[in-house]
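Have a look at the structure below, then the notes.
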Amino acid sequence: MQKGGTKRKIHSDKAQPKPGFEYKMVEQPQFESPVHERGIRLQNRVAVISGGDSGIGRAVAVGFAKEGANISLSYLPAEEKDARFTRDYIEKLGRKCLLFPGDVTSERQCRKIIEDTHKYFGRLDILVNNAGTHTSTDKLEKISSLQLKKTFATNVFSMFYLSKAALKFLPEGGSIINTTSVTAYRGSSHLIDYSASKGAIVSFTRSLSSSLMERKIRVNAVAPGPVWTPLIVSGLEPEEIPFFGSDGPMKRAAQPYEIASCFTFLASDDSSFISGQVIHPNGGEIINS
């Protein structure tokens, strides 16, 4: 809340039905960094990114491709237009991109994504567990069993499924990166189930890192603050969207590319001595990690 008790209106977008579509957003999220030049930190490596069609996932995919990686993207079938845009953008960067429409709450679908990626590229080096969903609900009593199960199935169970399948192929030096949230640390009165699922991801990251240490596979996470993505216009109440991010220290939401650089760092050898950790690109919010 700004001085005087009023919020600054910063977004013109209106609410969308789930899952939300980036191509329909009035204020288009910025998925490519204006200062990130082409590099070779991920040259010829292969990355699977769940929820890679738009938002943070798209920005991560583009960031990886600019560093030389080939990409596989999973996404819900309804998000085909956003996914094709991301694929075409990656191919313009000279890298290959496979698309996997389907629901990552299905363990069978998760195995297919991993196995088909390895079959096509002959390797798998990086897994980004990024798929997520949330629904704004202001009281615990209003969270239905269906909503609770969907939140955890999408945000947490998919990470178990994809990671289990990926461990068959990830080599020494491989990297798993999970998307958690600032809400895992400070909570959220209107995103109770989402915050709980993101807290589970922090524990999953730390535990899996410990489990895979001897195999020399690193596991880390990124905990973004508010980020301007389709998840916002499809997951928050309509009256909340115009002011999204304005309560934070920087008085704005991040653009997806501002988050993606954390993933690129954790995927590369620049972070070879880092595992079991969480990076906090949250716009200056001080939290206890």
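We label chains A, B, ... in the order they appear in the structure tokens, count residues from 1 in each chain, and number ligands from 1 in the order shown.
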
(message) What's around Leu98 in chain A at 8 Å? Count only C-alpha atoms, leave out sequence neighbours fewer than 2 positions away in its own chain, and write the answer as a PyMOL selection string.
(response) chain A and resi 71-73+87+96+100+117

Could you please take those selected residues and save all heavy atoms as a PDB file, in the first residue's frame?
ATOM      1  N   ILE A  71      15.421 -27.396 -26.587  1.00  0.00           N
ATOM      2  CA  ILE A  71      14.364 -27.308 -25.581  1.00  0.00           C
ATOM      3  C   ILE A  71      13.205 -28.246 -25.890  1.00  0.00           C
ATOM      4  O   ILE A  71      12.833 -28.432 -27.048  1.00  0.00           O
ATOM      5  CB  ILE A  71      13.799 -25.869 -25.522  1.00  0.00           C
ATOM      6  CG1 ILE A  71      14.921 -24.816 -25.449  1.00  0.00           C
ATOM      7  CG2 ILE A  71      12.808 -25.725 -24.380  1.00  0.00           C
ATOM      8  CD1 ILE A  71      15.702 -24.822 -24.179  1.00  0.00           C
ATOM      9  N   SER A  72      12.614 -28.807 -24.840  1.00  0.00           N
ATOM     10  CA  SER A  72      11.299 -29.442 -24.917  1.00  0.00           C
ATOM     11  C   SER A  72      10.367 -28.692 -23.972  1.00  0.00           C
ATOM     12  O   SER A  72      10.730 -28.425 -22.820  1.00  0.00           O
ATOM     13  CB  SER A  72      11.357 -30.914 -24.501  1.00  0.00           C
ATOM     14  OG  SER A  72      11.939 -31.707 -25.502  1.00  0.00           O
ATOM     15  N   LEU A  73       9.172 -28.378 -24.465  1.00  0.00           N
ATOM     16  CA  LEU A  73       8.201 -27.625 -23.681  1.00  0.00           C
ATOM     17  C   LEU A  73       6.947 -28.449 -23.462  1.00  0.00           C
ATOM     18  O   LEU A  73       6.405 -29.032 -24.395  1.00  0.00           O
ATOM     19  CB  LEU A  73       7.804 -26.336 -24.416  1.00  0.00           C
ATOM     20  CG  LEU A  73       8.908 -25.355 -24.799  1.00  0.00           C
ATOM     21  CD1 LEU A  73       8.303 -24.182 -25.549  1.00  0.00           C
ATOM     22  CD2 LEU A  73       9.656 -24.884 -23.576  1.00  0.00           C
ATOM     23  N   ARG A  87       7.937 -21.883 -29.525  1.00  0.00           N
ATOM     24  CA  ARG A  87       8.749 -22.773 -30.369  1.00  0.00           C
ATOM     25  C   ARG A  87       9.334 -22.029 -31.565  1.00  0.00           C
ATOM     26  O   ARG A  87      10.533 -22.144 -31.857  1.00  0.00           O
ATOM     27  CB  ARG A  87       7.896 -23.940 -30.874  1.00  0.00           C
ATOM     28  CG  ARG A  87       8.678 -24.919 -31.759  1.00  0.00           C
ATOM     29  CD  ARG A  87       7.764 -25.796 -32.563  1.00  0.00           C
ATOM     30  NE  ARG A  87       6.932 -25.007 -33.463  1.00  0.00           N
ATOM     31  CZ  ARG A  87       5.912 -25.507 -34.153  1.00  0.00           C
ATOM     32  NH1 ARG A  87       5.577 -26.780 -34.024  1.00  0.00           N
ATOM     33  NH2 ARG A  87       5.211 -24.729 -34.961  1.00  0.00           N
ATOM     34  N   LYS A  96      16.621 -26.130 -31.551  1.00  0.00           N
ATOM     35  CA  LYS A  96      15.472 -27.005 -31.768  1.00  0.00           C
ATOM     36  C   LYS A  96      14.533 -26.958 -30.566  1.00  0.00           C
ATOM     37  O   LYS A  96      14.979 -26.762 -29.437  1.00  0.00           O
ATOM     38  CB  LYS A  96      15.944 -28.437 -32.016  1.00  0.00           C
ATOM     39  CG  LYS A  96      16.748 -28.593 -33.299  1.00  0.00           C
ATOM     40  CD  LYS A  96      17.201 -30.033 -33.487  1.00  0.00           C
ATOM     41  CE  LYS A  96      18.007 -30.183 -34.776  1.00  0.00           C
ATOM     42  NZ  LYS A  96      18.473 -31.582 -34.949  1.00  0.00           N
ATOM     43  N   PHE A 100       5.115 -30.612 -26.252  1.00  0.00           N
ATOM     44  CA  PHE A 100       4.395 -31.722 -25.645  1.00  0.00           C
ATOM     45  C   PHE A 100       3.103 -31.219 -24.997  1.00  0.00           C
ATOM     46  O   PHE A 100       3.089 -30.852 -23.823  1.00  0.00           O
ATOM     47  CB  PHE A 100       5.265 -32.413 -24.592  1.00  0.00           C
ATOM     48  CG  PHE A 100       6.417 -33.183 -25.166  1.00  0.00           C
ATOM     49  CD1 PHE A 100       7.663 -32.577 -25.292  1.00  0.00           C
ATOM     50  CD2 PHE A 100       6.252 -34.491 -25.586  1.00  0.00           C
ATOM     51  CE1 PHE A 100       8.726 -33.278 -25.827  1.00  0.00           C
ATOM     52  CE2 PHE A 100       7.314 -35.203 -26.127  1.00  0.00           C
ATOM     53  CZ  PHE A 100       8.551 -34.600 -26.247  1.00  0.00           C
ATOM     54  N   THR A 117      11.836 -36.896 -25.286  1.00  0.00           N
ATOM     55  CA  THR A 117      12.901 -35.893 -25.416  1.00  0.00           C
ATOM     56  C   THR A 117      14.256 -36.573 -25.535  1.00  0.00           C
ATOM     57  O   THR A 117      15.068 -36.242 -26.409  1.00  0.00           O
ATOM     58  CB  THR A 117      12.902 -34.949 -24.197  1.00  0.00           C
ATOM     59  OG1 THR A 117      11.703 -34.180 -24.189  1.00  0.00           O
ATOM     60  CG2 THR A 117      14.100 -34.005 -24.237  1.00  0.00           C
TER      61      THR A 117
END

(request) Excluding Thr151 in chain A and residues on its chain fewer than 2 positions from it, collect all residues at most 9 Å away from it, counting only C-alpha atoms, and give them as an MDAnalysis selection string. (result) chainID A and resid 132:135 146:149 153:156 193:194 197

Give me the residues of range 53-151 of chain A that have any atom at most 9 Å from an atom of range 6-27 of chain A; for each, the nearest atom pair and the distance in Å, rounded to one decimal. Use only C-alpha atoms, sort by chain and number, and format it as CSV.
residue,atom,partner,partner_atom,distance
A:Asp53,CA,A:Glu22,CA,8.8
A:Ser54,CA,A:Glu22,CA,6.2
A:Gly55,CA,A:Glu22,CA,7.3
A:Leu76,CA,A:Pro19,CA,8.1
A:Ala78,CA,A:Pro19,CA,7.7
A:Glu79,CA,A:Phe21,CA,6.6
A:Lys81,CA,A:Tyr23,CA,7.7
A:Asp82,CA,A:Tyr23,CA,6.4
A:Phe85,CA,A:Tyr23,CA,8.9
A:Thr133,CA,A:Pro19,CA,8.1

Deliver the residues from the most recent selection as a file, using C-alpha atoms, as an mmCIF file, in the first residue's frame.
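That gives us again-v3.cif:
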data_model
loop_
_atom_site.group_PDB
_atom_site.id
_atom_site.type_symbol
_atom_site.label_atom_id
_atom_site.label_comp_id
_atom_site.auth_asym_id
_atom_site.auth_seq_id
_atom_site.Cartn_x
_atom_site.Cartn_y
_atom_site.Cartn_z
ATOM 1 C CA ASP A 53 4.526 -22.014 -23.397
ATOM 2 C CA SER A 54 4.272 -18.602 -21.709
ATOM 3 C CA GLY A 55 5.198 -16.506 -18.700
ATOM 4 C CA LEU A 76 -1.873 -27.632 -21.659
ATOM 5 C CA ALA A 78 -5.565 -25.108 -24.770
ATOM 6 C CA GLU A 79 -2.308 -23.119 -24.774
ATOM 7 C CA LYS A 81 -1.035 -20.825 -29.747
ATOM 8 C CA ASP A 82 1.308 -19.564 -27.030
ATOM 9 C CA PHE A 85 4.909 -18.868 -30.677
ATOM 10 C CA THR A 133 -1.631 -22.971 -11.056
#

(message) My list of candidates is A:His190, A:Arg84, A:Arg215, A:His36. Which is closest to Lys66 in chain A when distances are computed with only C-alpha atoms?
(response)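 That would be A:His36, the residue with the smallest distance to Lys66 in chain A.
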
Which residues of range 89-196 of chain A come within 10 Å of range 262-280 of chain A, and for each one, what is the closest pair of atoms and their distance in Å to one decimal, counting only C-alpha atoms, sorted by chain and residue number, as JSON lines?
{"residue": "A:Asp125", "atom": "CA", "partner": "A:Ala267", "partner_atom": "CA", "distance": 8.7}
{"residue": "A:Ile126", "atom": "CA", "partner": "A:Ala267", "partner_atom": "CA", "distance": 6.6}
{"residue": "A:Leu127", "atom": "CA", "partner": "A:Ala267", "partner_atom": "CA", "distance": 8.8}
{"residue": "A:Val128", "atom": "CA", "partner": "A:Phe263", "partner_atom": "CA", "distance": 8.2}
{"residue": "A:Gly173", "atom": "CA", "partner": "A:Ser272", "partner_atom": "CA", "distance": 7.8}
{"residue": "A:Gly174", "atom": "CA", "partner": "A:Ala267", "partner_atom": "CA", "distance": 8.0}
{"residue": "A:Ser175", "atom": "CA", "partner": "A:Ala267", "partner_atom": "CA", "distance": 5.7}
{"residue": "A:Ile176", "atom": "CA", "partner": "A:Ala267", "partner_atom": "CA", "distance": 7.7}
{"residue": "A:Ile177", "atom": "CA", "partner": "A:Phe263", "partner_atom": "CA", "distance": 7.1}
{"residue": "A:Asn178", "atom": "CA", "partner": "A:Val278", "partner_atom": "CA", "distance": 9.0}
{"residue": "A:Thr179", "atom": "CA", "partner": "A:Phe263", "partner_atom": "CA", "distance": 9.2}
{"residue": "A:Thr180", "atom": "CA", "partner": "A:Val278", "partner_atom": "CA", "distance": 8.5}
{"residue": "A:Ser181", "atom": "CA", "partner": "A:His280", "partner_atom": "CA", "distance": 8.3}
{"residue": "A:Val182", "atom": "CA", "partner": "A:His280", "partner_atom": "CA", "distance": 7.4}

(message) Which residues are close to Pro281 in chain A, i.e. within 12 Å by only C-alpha atoms, leaving aside same-chain residues fewer than 3 positions away? Reply as a PyMOL selection string.
(response) chain A and resi 179-182+221-227+250+253-263+278+284-287

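Take the candidates A:Gln30, A:Ser145, A:Asn70, A:Asn282 and check each one against Tyr120 in chain A using only C-alpha atoms; the shortest distance goes to A:Asn70.
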